[in-house]
Structures are given as C-alpha cells and as structure tokens.
$ cat structure-v1.txt   # compact mmCIF, C-alpha atoms and all ligand atoms
# COMPACT_ATOMS: atom_id res chain seq x y z
CA MET A 1 -0.99 16.26 13.84
CA ARG A 2 -4.01 13.95 13.48
CA VAL A 3 -4.02 12.00 10.24
CA LEU A 4 -6.77 9.69 9.03
CA LEU A 5 -5.67 7.18 6.37
CA VAL A 6 -8.49 5.78 4.25
CA GLU A 7 -8.44 2.77 1.89
CA PRO A 8 -11.48 2.87 -0.44
CA ARG A 9 -13.61 -0.22 -1.07
CA THR A 10 -12.79 -2.45 -4.03
CA PRO A 11 -15.80 -3.20 -6.28
CA ASP A 12 -17.44 -6.61 -6.13
CA THR A 13 -15.44 -8.28 -8.87
CA PHE A 14 -13.66 -11.64 -8.68
CA TRP A 15 -10.63 -10.02 -7.02
CA SER A 16 -12.54 -8.53 -4.12
CA PHE A 17 -13.34 -12.12 -2.97
CA ARG A 18 -16.37 -10.49 -1.30
CA ASN A 19 -18.50 -13.64 -1.44
CA ALA A 20 -15.71 -16.03 -0.47
CA LEU A 21 -14.36 -14.11 2.53
CA PRO A 22 -17.22 -14.99 4.92
CA PHE A 23 -16.36 -18.68 4.47
CA VAL A 24 -12.97 -18.03 6.04
CA GLY A 25 -14.27 -15.50 8.55
CA LYS A 26 -12.32 -12.57 7.09
CA ARG A 27 -13.36 -9.06 6.05
CA ALA A 28 -10.84 -8.37 3.27
CA SER A 29 -8.31 -10.28 1.19
CA ASN A 30 -5.18 -8.08 1.44
CA PRO A 31 -4.12 -5.29 3.76
CA PRO A 32 -3.67 -1.75 2.34
CA LEU A 33 0.11 -2.04 2.02
CA GLY A 34 0.56 1.28 0.16
CA LEU A 35 -1.08 3.26 2.98
CA LEU A 36 0.66 1.24 5.70
CA THR A 37 4.01 1.85 3.98
CA PHE A 38 3.34 5.55 3.54
CA ALA A 39 2.30 5.73 7.21
CA GLY A 40 5.81 4.43 8.01
CA LEU A 41 7.22 7.60 6.42
CA LEU A 42 5.20 9.88 8.74
CA PRO A 43 6.60 11.15 12.07
CA ARG A 44 6.08 8.71 14.98
CA ALA A 45 4.82 11.61 17.12
CA TRP A 46 1.80 12.13 14.85
CA GLU A 47 -1.50 10.46 15.74
CA LEU A 48 -2.60 8.11 12.95
CA LYS A 49 -5.81 6.14 12.37
CA LEU A 50 -6.43 3.88 9.39
CA VAL A 51 -9.87 2.89 8.11
CA ASP A 52 -10.07 0.20 5.42
CA LEU A 53 -13.52 0.48 3.83
CA ASN A 54 -13.26 -3.17 2.83
CA CYS A 55 -13.54 -3.95 6.55
CA ARG A 56 -15.93 -1.27 7.86
CA PRO A 57 -17.68 1.98 6.87
CA LEU A 58 -15.98 5.32 7.44
CA PRO A 59 -16.88 6.58 10.94
CA ALA A 60 -18.02 10.23 10.84
CA ALA A 61 -16.24 10.76 14.18
CA ASP A 62 -12.89 9.76 12.63
CA VAL A 63 -13.38 12.28 9.82
CA ARG A 64 -14.23 14.99 12.38
CA TRP A 65 -11.14 14.00 14.44
CA ALA A 66 -8.66 14.36 11.55
CA ASP A 67 -6.57 17.39 10.61
CA TYR A 68 -5.87 15.71 7.23
CA VAL A 69 -7.42 12.76 5.41
CA LEU A 70 -4.95 10.72 3.32
CA VAL A 71 -6.37 8.38 0.72
CA SER A 72 -4.82 5.72 -1.53
CA ALA A 73 -6.54 4.10 -4.52
CA MET A 74 -6.31 1.89 -7.57
CA LEU A 75 -8.35 2.93 -10.63
CA ALA A 76 -10.81 0.14 -9.76
CA GLN A 77 -11.60 1.87 -6.45
CA ARG A 78 -12.70 5.15 -8.04
CA ASP A 79 -16.42 4.94 -7.10
CA SER A 80 -15.67 4.40 -3.44
CA LEU A 81 -12.95 7.07 -3.58
CA LEU A 82 -15.48 9.61 -4.90
CA GLU A 83 -17.75 8.85 -1.94
CA VAL A 84 -14.87 9.38 0.49
CA ILE A 85 -14.00 12.68 -1.19
CA ALA A 86 -17.63 13.86 -0.95
CA THR A 87 -17.79 12.95 2.76
CA CYS A 88 -14.52 14.69 3.61
CA ARG A 89 -15.28 17.77 1.57
CA ALA A 90 -18.64 18.09 3.33
CA ALA A 91 -16.75 17.93 6.63
CA GLY A 92 -14.28 20.56 5.37
CA LYS A 93 -11.25 18.28 5.75
CA PRO A 94 -8.19 18.73 3.54
CA MET A 95 -7.39 15.60 1.56
CA ILE A 96 -4.14 14.20 0.17
CA GLY A 97 -4.24 11.43 -2.44
CA GLY A 98 -1.55 8.98 -3.51
CA GLY A 99 -1.14 5.50 -4.97
CA PRO A 100 -1.77 3.97 -8.42
CA LEU A 101 -4.91 5.94 -9.35
CA PHE A 102 -3.32 9.30 -8.61
CA THR A 103 -0.08 8.33 -10.35
CA ALA A 104 -1.81 6.97 -13.46
CA GLU A 105 -4.25 9.90 -13.70
CA ALA A 106 -2.20 12.79 -12.34
CA ALA A 107 -3.84 15.20 -14.77
CA ASP A 108 -7.34 14.06 -13.79
CA ASN A 109 -7.55 14.62 -10.04
CA PRO A 110 -10.90 13.23 -8.83
CA GLY A 111 -11.23 16.01 -6.25
CA VAL A 112 -8.61 15.83 -3.52
CA ASP A 113 -6.78 19.00 -2.48
CA HIS A 114 -3.24 17.63 -2.81
CA VAL A 115 -1.81 14.86 -4.97
CA VAL A 116 1.33 12.78 -4.51
CA VAL A 117 2.45 11.22 -7.79
CA GLY A 118 4.68 8.15 -7.80
CA GLU A 119 6.38 6.26 -5.03
CA ALA A 120 6.46 8.38 -1.91
CA GLU A 121 9.77 7.48 -0.25
CA GLU A 122 11.51 10.65 -1.50
CA THR A 123 8.54 13.03 -1.43
CA ALA A 124 7.27 12.28 2.09
CA ALA A 125 9.77 14.51 3.91
CA ALA A 126 8.75 17.64 1.96
CA LEU A 127 5.07 16.79 2.36
CA VAL A 128 5.46 16.30 6.12
CA ALA A 129 7.33 19.61 6.48
CA ASP A 130 4.63 21.41 4.48
CA MET A 131 1.83 19.80 6.49
CA GLU A 132 3.52 20.97 9.68
CA ALA A 133 3.90 24.48 8.25
CA GLY A 134 0.27 24.49 7.00
CA ARG A 135 1.43 25.14 3.42
CA VAL A 136 0.76 21.96 1.51
CA ARG A 137 1.30 22.26 -2.26
CA PRO A 138 -1.24 20.94 -4.80
CA LEU A 139 1.26 18.48 -6.30
CA TYR A 140 4.27 16.44 -5.19
CA GLU A 141 6.07 14.32 -7.79
CA ALA A 142 8.62 11.63 -7.11
CA PRO A 143 11.95 12.82 -8.57
CA ARG A 144 12.95 9.25 -9.52
CA TYR A 145 12.12 5.63 -8.76
CA PRO A 146 13.49 5.39 -5.23
CA ASP A 147 16.00 2.93 -3.89
CA LEU A 148 14.11 0.37 -1.80
CA SER A 149 16.52 0.86 1.11
CA LEU A 150 14.44 4.02 1.73
CA THR A 151 11.23 2.04 2.23
CA PRO A 152 10.16 1.85 5.85
CA LEU A 153 8.56 -1.13 7.55
CA PRO A 154 4.78 -0.90 7.11
CA ARG A 155 2.87 0.37 10.18
CA TRP A 156 1.15 -2.97 10.91
CA ASP A 157 0.03 -1.58 14.28
CA LEU A 158 -2.61 0.50 12.45
CA ILE A 159 -4.71 -2.50 11.39
CA ASP A 160 -6.10 -5.66 12.96
CA LEU A 161 -4.27 -8.41 11.05
CA ARG A 162 -6.99 -10.93 11.94
CA GLU A 163 -9.45 -9.18 9.60
CA TYR A 164 -7.42 -10.18 6.51
CA ALA A 165 -7.15 -13.49 4.65
CA THR A 166 -3.57 -12.77 3.57
CA MET A 167 -0.78 -10.41 4.52
CA SER A 168 1.33 -8.63 1.87
CA VAL A 169 5.08 -8.18 1.64
CA GLN A 170 7.17 -6.73 -1.16
CA SER A 171 10.78 -7.53 -2.09
CA CYS A 172 10.99 -5.73 -5.43
CA ARG A 173 9.42 -2.96 -7.53
CA GLY A 174 9.65 -2.46 -11.30
CA CYS A 175 9.53 -4.99 -14.11
CA PRO A 176 11.68 -5.41 -17.26
CA PHE A 177 8.74 -6.56 -19.43
CA ASP A 178 5.95 -4.72 -21.28
CA CYS A 179 2.77 -6.77 -20.90
CA GLU A 180 -0.15 -4.89 -22.43
CA PHE A 181 -2.58 -5.60 -19.55
CA CYS A 182 -0.27 -4.36 -16.80
CA ASP A 183 0.21 -0.83 -15.44
CA VAL A 184 3.25 -1.61 -13.38
CA VAL A 185 5.92 -0.35 -15.77
CA ALA A 186 4.12 3.00 -16.00
CA LEU A 187 3.95 3.15 -12.20
CA ASN A 188 7.20 1.61 -11.00
CA GLY A 189 9.47 1.59 -14.05
CA HIS A 190 11.35 -0.93 -16.17
CA LYS A 191 14.37 -1.38 -13.96
CA PRO A 192 13.71 -3.79 -11.11
CA ARG A 193 14.75 -2.49 -7.68
CA TYR A 194 15.24 -4.93 -4.86
CA LYS A 195 15.28 -4.95 -1.10
CA THR A 196 18.35 -6.70 0.26
CA PRO A 197 17.58 -10.19 1.58
CA VAL A 198 18.27 -8.98 5.14
CA ARG A 199 15.87 -6.07 4.74
CA PHE A 200 13.24 -8.38 3.27
CA LEU A 201 13.56 -10.81 6.19
CA GLY A 202 12.94 -7.74 8.37
CA ASP A 203 9.51 -7.45 6.70
CA LEU A 204 8.75 -11.10 7.43
CA ASP A 205 10.01 -10.73 11.01
CA ALA A 206 7.79 -7.69 11.54
CA LEU A 207 4.71 -9.71 10.59
CA ARG A 208 5.79 -12.72 12.60
CA GLY A 209 6.49 -10.44 15.56
CA ARG A 210 2.89 -9.25 15.41
CA GLY A 211 1.68 -12.83 15.65
CA TRP A 212 0.93 -13.45 11.96
CA ARG A 213 1.17 -17.14 11.05
CA GLY A 214 -1.12 -17.16 7.99
CA LYS A 215 -0.60 -16.84 4.24
CA THR A 216 1.64 -14.06 2.99
CA PHE A 217 1.34 -12.68 -0.54
CA LEU A 218 4.52 -11.46 -2.24
CA VAL A 219 3.16 -8.42 -4.09
CA ASP A 220 6.31 -7.98 -6.21
CA ASP A 221 6.00 -6.50 -9.67
CA ASN A 222 8.05 -9.45 -10.93
CA PHE A 223 9.37 -11.88 -8.33
CA VAL A 224 10.93 -14.22 -10.89
CA GLY A 225 12.17 -11.59 -13.38
CA GLU A 226 15.80 -12.15 -12.42
CA PRO A 227 16.16 -15.88 -11.70
CA ARG A 228 19.51 -15.67 -9.87
CA ARG A 229 18.29 -13.06 -7.42
CA CYS A 230 15.05 -15.00 -6.98
CA GLU A 231 17.04 -18.12 -6.12
CA GLU A 232 19.14 -16.19 -3.61
CA LEU A 233 16.06 -14.77 -1.90
CA MET A 234 14.35 -18.18 -1.78
CA GLY A 235 17.51 -19.53 -0.15
CA VAL A 236 17.45 -16.99 2.67
CA MET A 237 13.68 -17.46 3.05
CA ILE A 238 14.16 -21.20 3.47
CA GLY A 239 16.83 -20.46 6.09
CA TRP A 240 14.48 -18.05 7.85
CA SER A 241 11.39 -20.26 7.75
CA PRO A 242 10.49 -21.65 11.18
CA ALA A 243 9.35 -24.83 9.39
CA THR A 244 12.85 -25.52 8.04
CA ARG A 245 14.51 -24.38 11.28
CA ALA A 246 12.30 -26.56 13.47
CA HIS A 247 14.89 -29.35 13.69
CA ASP A 248 17.40 -26.88 15.19
CA VAL A 249 15.15 -26.18 18.16
CA PRO A 250 16.30 -28.23 21.16
C1 LIG A 301 -1.90 -6.61 -3.79
C2 LIG A 301 -2.54 -6.08 -5.04
C3 LIG A 301 -3.91 -6.27 -5.15
C4 LIG A 301 -4.78 -6.89 -4.06
C5 LIG A 301 -5.57 -5.90 -3.20
C6 LIG A 301 -5.07 -4.53 -3.08
C7 LIG A 301 -4.49 -4.38 -1.71
N1 LIG A 301 -5.28 -4.02 -0.73
O1 LIG A 301 -3.31 -4.60 -1.54
C8 LIG A 301 -5.84 -7.63 -4.92
C9 LIG A 301 -5.32 -8.99 -5.23
C10 LIG A 301 -7.21 -7.76 -4.28
C11 LIG A 301 -5.84 -6.72 -6.14
C12 LIG A 301 -6.87 -6.62 -7.00
C13 LIG A 301 -6.88 -5.86 -8.17
N2 LIG A 301 -5.84 -5.16 -8.67
CO1 LIG A 301 -4.17 -4.98 -7.70
N3 LIG A 301 -2.41 -4.97 -7.14
C14 LIG A 301 -1.82 -5.41 -6.07
C15 LIG A 301 -0.29 -5.19 -6.18
C16 LIG A 301 0.32 -6.47 -6.72
C17 LIG A 301 0.42 -4.77 -4.93
C18 LIG A 301 -0.17 -3.56 -4.21
C19 LIG A 301 0.79 -3.21 -3.13
O2 LIG A 301 0.65 -3.68 -2.02
N4 LIG A 301 1.86 -2.45 -3.49
C20 LIG A 301 2.95 -2.09 -2.58
C21 LIG A 301 2.82 -0.65 -2.13
C22 LIG A 301 3.93 -0.33 -1.13
O3 LIG A 301 2.94 0.18 -3.27
P1 LIG A 301 1.90 1.33 -3.60
O4 LIG A 301 0.53 0.92 -3.24
O5 LIG A 301 2.15 1.81 -4.96
O6 LIG A 301 2.32 2.48 -2.54
C23 LIG A 301 3.41 3.37 -2.72
C24 LIG A 301 3.02 4.66 -3.45
O7 LIG A 301 2.03 4.47 -4.44
C25 LIG A 301 2.60 5.61 -2.35
N5 LIG A 301 1.23 5.63 -1.89
C26 LIG A 301 0.30 4.65 -1.87
N6 LIG A 301 -0.80 5.10 -1.29
C27 LIG A 301 -0.59 6.37 -0.90
C28 LIG A 301 -1.41 7.28 -0.27
C29 LIG A 301 -0.93 8.55 0.00
C30 LIG A 301 -1.81 9.57 0.67
C31 LIG A 301 0.38 8.92 -0.39
C32 LIG A 301 0.89 10.27 -0.12
C33 LIG A 301 1.21 7.99 -1.03
C34 LIG A 301 0.72 6.73 -1.28
O8 LIG A 301 3.40 5.23 -1.24
C35 LIG A 301 3.80 3.87 -1.34
C36 LIG A 301 5.30 3.83 -1.13
O9 LIG A 301 5.98 4.47 -2.18
C37 LIG A 301 -0.24 -4.04 -7.23
C38 LIG A 301 1.06 -3.90 -8.00
C39 LIG A 301 2.01 -2.98 -7.26
N7 LIG A 301 3.27 -3.23 -7.44
O10 LIG A 301 1.68 -2.07 -6.51
C40 LIG A 301 -1.45 -4.35 -8.09
C41 LIG A 301 -2.23 -3.17 -8.74
C42 LIG A 301 -2.35 -2.06 -7.73
N8 LIG A 301 -3.53 -3.76 -9.00
C43 LIG A 301 -4.02 -3.39 -10.13
C44 LIG A 301 -5.25 -3.86 -10.66
C45 LIG A 301 -5.58 -3.44 -12.07
C46 LIG A 301 -6.12 -4.67 -9.91
C47 LIG A 301 -7.50 -5.22 -10.35
C48 LIG A 301 -8.40 -4.15 -10.96
C49 LIG A 301 -7.24 -6.40 -11.29
C50 LIG A 301 -8.47 -6.90 -12.03
N9 LIG A 301 -8.42 -6.74 -13.34
O11 LIG A 301 -9.42 -7.35 -11.43
C51 LIG A 301 -8.08 -5.77 -9.04
C52 LIG A 301 -9.11 -4.80 -8.36
C53 LIG A 301 -9.91 -5.40 -7.29
C54 LIG A 301 -11.38 -5.40 -7.58
N10 LIG A 301 -12.14 -5.93 -6.69
O12 LIG A 301 -11.82 -4.98 -8.61
C55 LIG A 301 -3.12 -2.39 -10.83
C56 LIG A 301 -3.63 -0.97 -10.60
C57 LIG A 301 -3.50 -0.07 -11.79
C58 LIG A 301 -4.01 1.32 -11.45
N11 LIG A 301 -3.35 2.32 -12.00
O13 LIG A 301 -4.94 1.51 -10.72
C59 LIG A 301 -1.76 -2.72 -10.17
C60 LIG A 301 -0.76 -1.57 -10.16
C61 LIG A 301 -1.20 -3.97 -10.93
C62 LIG A 301 -0.78 -3.78 -12.34
N12 LIG A 301 0.27 -4.48 -12.62
O14 LIG A 301 -1.26 -3.10 -13.16
N13 LIG A 301 -4.68 -6.06 -6.25
$ encode --input "structure-v1.txt" --output "structure tokens" --more "lines below"
Ligand code: B12
Amino acid sequence: MRVLLVEPRTPDTFWSFRNALPFVGKRASNPPLGLLTFAGLLPRAWELKLVDLNCRPLPAADVRWADYVLVSAMLAQRDSLLEVIATCRAAGKPMIGGGPLFTAEAADNPGVDHVVVGEAEETAAALVADMEAGRVRPLYEAPRYPDLSLTPLPRWDLIDLREYATMSVQSCRGCPFDCEFCDVVALNGHKPRYKTPVRFLGDLDALRGRGWRGKTFLVDDNFVGEPRRCEELMGVMIGWSPATRAHDVP
C-alpha cells in the first residue's frame, strides 16, 4: 500500500512564524506531530511519504504515486486543505482526513472521501483492515479517549528534522479546565491522560537518537494541570537530560 500523508500550510498569521523562520534558516516552526503519530499506527510494510506544505509544495508525482492520500488539519489550515482536496480529486485519489478540523467539524466534511473523528489510536486498526480490503467506510469515530499507552512513537524518519525550528513531544492529552478560547476539551476531553515517565523518555530518546539537539516543544494540553505529576515528570527529565548527566561521564 502506498500512502501519501499531507500536512496543509498554515496561514501567514503570527503563529506561522513565516517571516521569522528565514532568520534561523528553517522552513517551518513545528513538525506535523498528528500525522507522524498516525503514521506510527500504520503497518511497517506499507510505503509512506509525508509532504509538509509548510516546507515545500505538493509534488504532482507524489499524488500520482499514492494509493491513498491522508490529510490532517486544524481549522486554521482550511484554505490550504481545500487546495489539497481539489488537487487529489482531480487526480482521482481517495482521501482520508483526520485531526482537529475533522473532529471539530465532523458534520461539515470539506470534501474528503473518508473521515476519522477523534484520536486515532483505537480506530486505526479497523481503518487499516478496510484499506487493505478496499472497503473504506465514510466515517470512523473514536469509541473513547484512548489510553496513551496505545500511542506509538512518531515516525520521525518521514521528515527531515533539520527543516524545523522546534520538535514536538507530548506527555499528556486532555485538560480539566474550560477556557473559552480553547478547543482542547472538545477534542481531547476533560480528564487528563498521561504517558508514563518511561514512555515519555522514550519519545525524547527517539528524537535524540535521530540526532536532534535543538528546542523541543511540549505540546501537552495542560502540562502543569496536575502539579504532583508535573513535578515527577520534571524529575525524570532532569535525570535523563545529558546536561545534568554530564558530570557522570568519565
Ligand atoms: C503544536 C500546535 C501548534 C503549532 C503548529 C502545528 C503543528 N504543526 O504541530 C503552532 C504553534 C504553530 C500552532 C499554531 C496554531 N494553533 Co495549534 N496546536 C498545537 C497543539 C498544542 C499540539 C498539536 C499536536 O502536535 N498534537 C499532538 C497530536 C498527536 O495530536 P493530533 O494532532 O490531534 O493527532 C491525533 C488525532 O487527531 C489523529 N490525527 C491527526 N491527524 C490525522 C490524520 C489522519 C489522516 C488520521 C486518520 C488521524 C489523524 O491521530 C493523532 C493520534 O490520535 C494543539 C493542541 C493539541 N493537543 O493537539 C494545538 C491546536 C491544534 N492548535 C489550535 C489553534 C487554534 C492554533 C492557532 C489557530 C492559534 C491562533 N489563534 O493563532 C494557530 C494556527 C497557526 C496559524 N498560522 O494560523 C487548536 C485547533 C483547533 C481546531 N479545531 O482546529 C488546537 C487544538 C489548540 C486548542 N487548544 O484549541 N499550533
């Protein structure tokens, strides 16, 4: 199976950092962690390519190559998403959408053939089986907010880390609060779910193992929501940090 994963472009607002990135020689601020995580749920035998439109335009040859095009998006990426949909439809490629835009607007599909609503850890297996059988359903809905022990390591091998100003890691999803400006409770629920400290260090190790030594953004819904757990995690991070371990090296 040949799967093309596409991250649409973010608009030129403050948060795209579009004008600042050239000063630091980078193409985008953050990697597409949702797509990279979902890619980790796909069979290793499948051929995957990922194109982040914040780094480069969508190559027509990659669209032709793909059996399926998988796209992730925030609401803010809608304009770019619509362009991707138009391109893939013109090429006759079936599209599967997931991520915050599709979860927040499940009833208002912008034009993909199949939609995955919610976190994908417990829906991926059925989707994969249906893709293999050539019988993909229009809609897959997460049955619950999944336990984060089900979350795979992101497929960092699908991107060039050097193109990004910051890497992203996640130790928790969900938030106990109800801030009016934030969509996270609607997406990931009120009850915080945590990776174990060991599992979280696995995320840091994976990035370090790929040579990353730059800034790393903790994209948690609420890192400090539960102070005791936050303290525990900081403790193991300090123990893990090469800076604090340096004196142990002979
Ligand atoms: C990092 C981040 C950013 C980064 C960049 C995005 C990036 N490339 O990572 C930056 C800082 C640039 C950013 C900017 C903005 N962001 Co932002 N961001 C986040 C944050 C904190 C983490 C994203 C992440 O990595 N999540 C971790 C991954 C693993 O989760 P996930 O993406 O949901 O993926 C899972 C599922 O959704 C699914 N999935 C995802 N993609 C796909 C694709 C397919 C095909 C399938 C099947 C499944 C699937 O599988 C994954 C595993 O379950 C989220 C909050 C959050 N918790 O997600 C907000 C969030 C996505 N951002 C949000 C917003 C509003 C913005 C801004 C518009 C803020 C603003 N007012 O300017 C800007 C937009 C940028 C712009 N230029 O206009 C909202 C989006 C709401 C919505 N419904 O669209 C969120 C949810 C925050 C919030 N609390 O409301 N953001």
$ closest_residue --input "structure-v1.txt" --among "A:Val6, A:Ala39, A:Ala76, A:Val24" --to "ligand LIG 301 (chain A)" --atoms "only C-alpha atoms and all ligand atoms"
A:Ala76
$ axis_aligned_box --input "structure-v1.txt" --around "segment 231-238 of chain A" --padding-each-side "3 Å" --output "JSON"
{"center_x": 16.4, "center_y": -18.0, "center_z": -1.3, "size_x": 11.5, "size_y": 12.4, "size_z": 15.6}
$ closest_residue --input "structure-v1.txt" --among "A:Ile159, A:Pro152, A:Gly189, A:Tyr164" --to "Asp203 of chain A" --atoms "all atoms listed in the file"
A:Pro152
$ residues_near_ligand --input "structure-v1.txt" --ligand "ligand LIG 301 (chain A)" --cutoff "6 Å" --atoms "only C-alpha atoms and all ligand atoms" --output "JSON, numbers by chain"
{"A": [10, 11, 12, 13, 15, 16, 30, 31, 32, 33, 34, 35, 37, 38, 70, 71, 72, 74, 75, 76, 96, 97, 98, 99, 100, 101, 104, 116, 118, 119, 120, 121, 182, 183, 184, 219, 220, 221]}
$ closest_residue --input "structure-v1.txt" --among "A:Glu83, A:Glu141, A:Glu47, A:Glu180" --to "Ala126 of chain A" --atoms "all atoms listed in the file"
A:Glu141
$ atom_distance --input "structure-v1.txt" --atom1 "atom CA of Pro154 of chain A" --atom2 "atom CA of Arg56 of chain A"
20.7 Å
$ closest_residue --input "structure-v1.txt" --among "A:His114, A:Lys195, A:Arg162, A:Arg229" --to "Ser29 of chain A" --atoms "only C-alpha atoms"
A:Arg162
$ atom_distance --input "structure-v1.txt" --atom1 "atom CA of Met167 of chain A" --atom2 "atom CA of Pro110 of chain A"
29.0 Å
$ closest_residue --input "structure-v1.txt" --among "A:Ala86, A:Leu218, A:Ala107, A:Leu201" --to "Val169 of chain A" --atoms "all atoms listed in the file"
A:Leu218
$ atom_distance --input "structure-v1.txt" --atom1 "atom CA of Met1 of chain A" --atom2 "atom CA of Met131 of chain A"
8.6 Å
$ closest_residue --input "structure-v1.txt" --among "A:Lys191, A:Arg199, A:Arg135, A:Lys26" --to "Arg173 of chain A" --atoms "all atoms listed in the file"
A:Lys191
$ residues_around --input "structure-v1.txt" --residues "segment 63-67 of chain A" --least-positions-apart "3" --cutoff "7 Å" --atoms "only C-alpha atoms" --output "PyMOL selection string"
chain A and resi 1-4+59-60+88+91+93
$ write_last_selection --input "structure-v1.txt" --atoms "C-alpha atoms" --output "JSON list (two decimals), in the frame of the given file"
[["chain", "number", "residue", "atom", "x", "y", "z"],
["A", 1, "MET", "CA", -0.99, 16.26, 13.84],
["A", 2, "ARG", "CA", -4.01, 13.95, 13.48],
["A", 3, "VAL", "CA", -4.02, 12.00, 10.24],
["A", 4, "LEU", "CA", -6.77, 9.69, 9.03],
["A", 59, "PRO", "CA", -16.88, 6.58, 10.94],
["A", 60, "ALA", "CA", -18.02, 10.23, 10.84],
["A", 88, "CYS", "CA", -14.52, 14.69, 3.61],
["A", 91, "ALA", "CA", -16.75, 17.93, 6.63],
["A", 93, "LYS", "CA", -11.25, 18.28, 5.75]]
$ residues_near_point --input "structure-v1.txt" --point "(12.2, -8.1, -20.5)" --cutoff "12 Å" --atoms "all atoms listed in the file" --output "PyMOL selection string"
chain A and resi 174-179+185+189-192+222+224-226
$ residues_around --input "structure-v1.txt" --residues "Arg208 of chain A" --least-positions-apart "3" --cutoff "12 Å" --atoms "all atoms listed in the file" --output "list of chain:residue names"
A:Trp156, A:Leu161, A:Met167, A:Val169, A:Leu201, A:Gly202, A:Asp203, A:Leu204, A:Asp205, A:Gly211, A:Trp212, A:Arg213, A:Gly214, A:Lys215, A:Thr216, A:Trp240, A:Ser241, A:Pro242
$ write_last_selection --input "structure-v1.txt" --atoms "C-alpha atoms" --output "mmCIF file, in the frame of the given file"
data_model
loop_
_atom_site.group_PDB
_atom_site.id
_atom_site.type_symbol
_atom_site.label_atom_id
_atom_site.label_comp_id
_atom_site.auth_asym_id
_atom_site.auth_seq_id
_atom_site.Cartn_x
_atom_site.Cartn_y
_atom_site.Cartn_z
ATOM 1 C CA TRP A 156 1.150 -2.970 10.910
ATOM 2 C CA LEU A 161 -4.270 -8.410 11.050
ATOM 3 C CA MET A 167 -0.780 -10.410 4.520
ATOM 4 C CA VAL A 169 5.080 -8.180 1.640
ATOM 5 C CA LEU A 201 13.560 -10.810 6.190
ATOM 6 C CA GLY A 202 12.940 -7.740 8.370
ATOM 7 C CA ASP A 203 9.510 -7.450 6.700
ATOM 8 C CA LEU A 204 8.750 -11.100 7.430
ATOM 9 C CA ASP A 205 10.010 -10.730 11.010
ATOM 10 C CA GLY A 211 1.680 -12.830 15.650
ATOM 11 C CA TRP A 212 0.930 -13.450 11.960
ATOM 12 C CA ARG A 213 1.170 -17.140 11.050
ATOM 13 C CA GLY A 214 -1.120 -17.160 7.990
ATOM 14 C CA LYS A 215 -0.600 -16.840 4.240
ATOM 15 C CA THR A 216 1.640 -14.060 2.990
ATOM 16 C CA TRP A 240 14.480 -18.050 7.850
ATOM 17 C CA SER A 241 11.390 -20.260 7.750
ATOM 18 C CA PRO A 242 10.490 -21.650 11.180
#
$ residues_around --input "structure-v1.txt" --residues "Val136 of chain A" --least-positions-apart "3" --cutoff "12 Å" --atoms "all atoms listed in the file" --output "list in words"
Tyr68, Pro94, Met95, Ile96, Asp113, His114, Val115, Val116, Ala124, Ala125, Ala126, Leu127, Val128, Ala129, Asp130, Met131, Glu132, Ala133, Leu139 and Tyr140 of chain A
$ write_last_selection --input "structure-v1.txt" --atoms "C-alpha atoms" --output "PDB file, in the frame of the given file"
ATOM      1  CA  TYR A  68      -5.870  15.710   7.230  1.00  0.00           C
ATOM      2  CA  PRO A  94      -8.190  18.730   3.540  1.00  0.00           C
ATOM      3  CA  MET A  95      -7.390  15.600   1.560  1.00  0.00           C
ATOM      4  CA  ILE A  96      -4.140  14.200   0.170  1.00  0.00           C
ATOM      5  CA  ASP A 113      -6.780  19.000  -2.480  1.00  0.00           C
ATOM      6  CA  HIS A 114      -3.240  17.630  -2.810  1.00  0.00           C
ATOM      7  CA  VAL A 115      -1.810  14.860  -4.970  1.00  0.00           C
ATOM      8  CA  VAL A 116       1.330  12.780  -4.510  1.00  0.00           C
ATOM      9  CA  ALA A 124       7.270  12.280   2.090  1.00  0.00           C
ATOM     10  CA  ALA A 125       9.770  14.510   3.910  1.00  0.00           C
ATOM     11  CA  ALA A 126       8.750  17.640   1.960  1.00  0.00           C
ATOM     12  CA  LEU A 127       5.070  16.790   2.360  1.00  0.00           C
ATOM     13  CA  VAL A 128       5.460  16.300   6.120  1.00  0.00           C
ATOM     14  CA  ALA A 129       7.330  19.610   6.480  1.00  0.00           C
ATOM     15  CA  ASP A 130       4.630  21.410   4.480  1.00  0.00           C
ATOM     16  CA  MET A 131       1.830  19.800   6.490  1.00  0.00           C
ATOM     17  CA  GLU A 132       3.520  20.970   9.680  1.00  0.00           C
ATOM     18  CA  ALA A 133       3.900  24.480   8.250  1.00  0.00           C
ATOM     19  CA  LEU A 139       1.260  18.480  -6.300  1.00  0.00           C
ATOM     20  CA  TYR A 140       4.270  16.440  -5.190  1.00  0.00           C
TER      21      TYR A 140
END
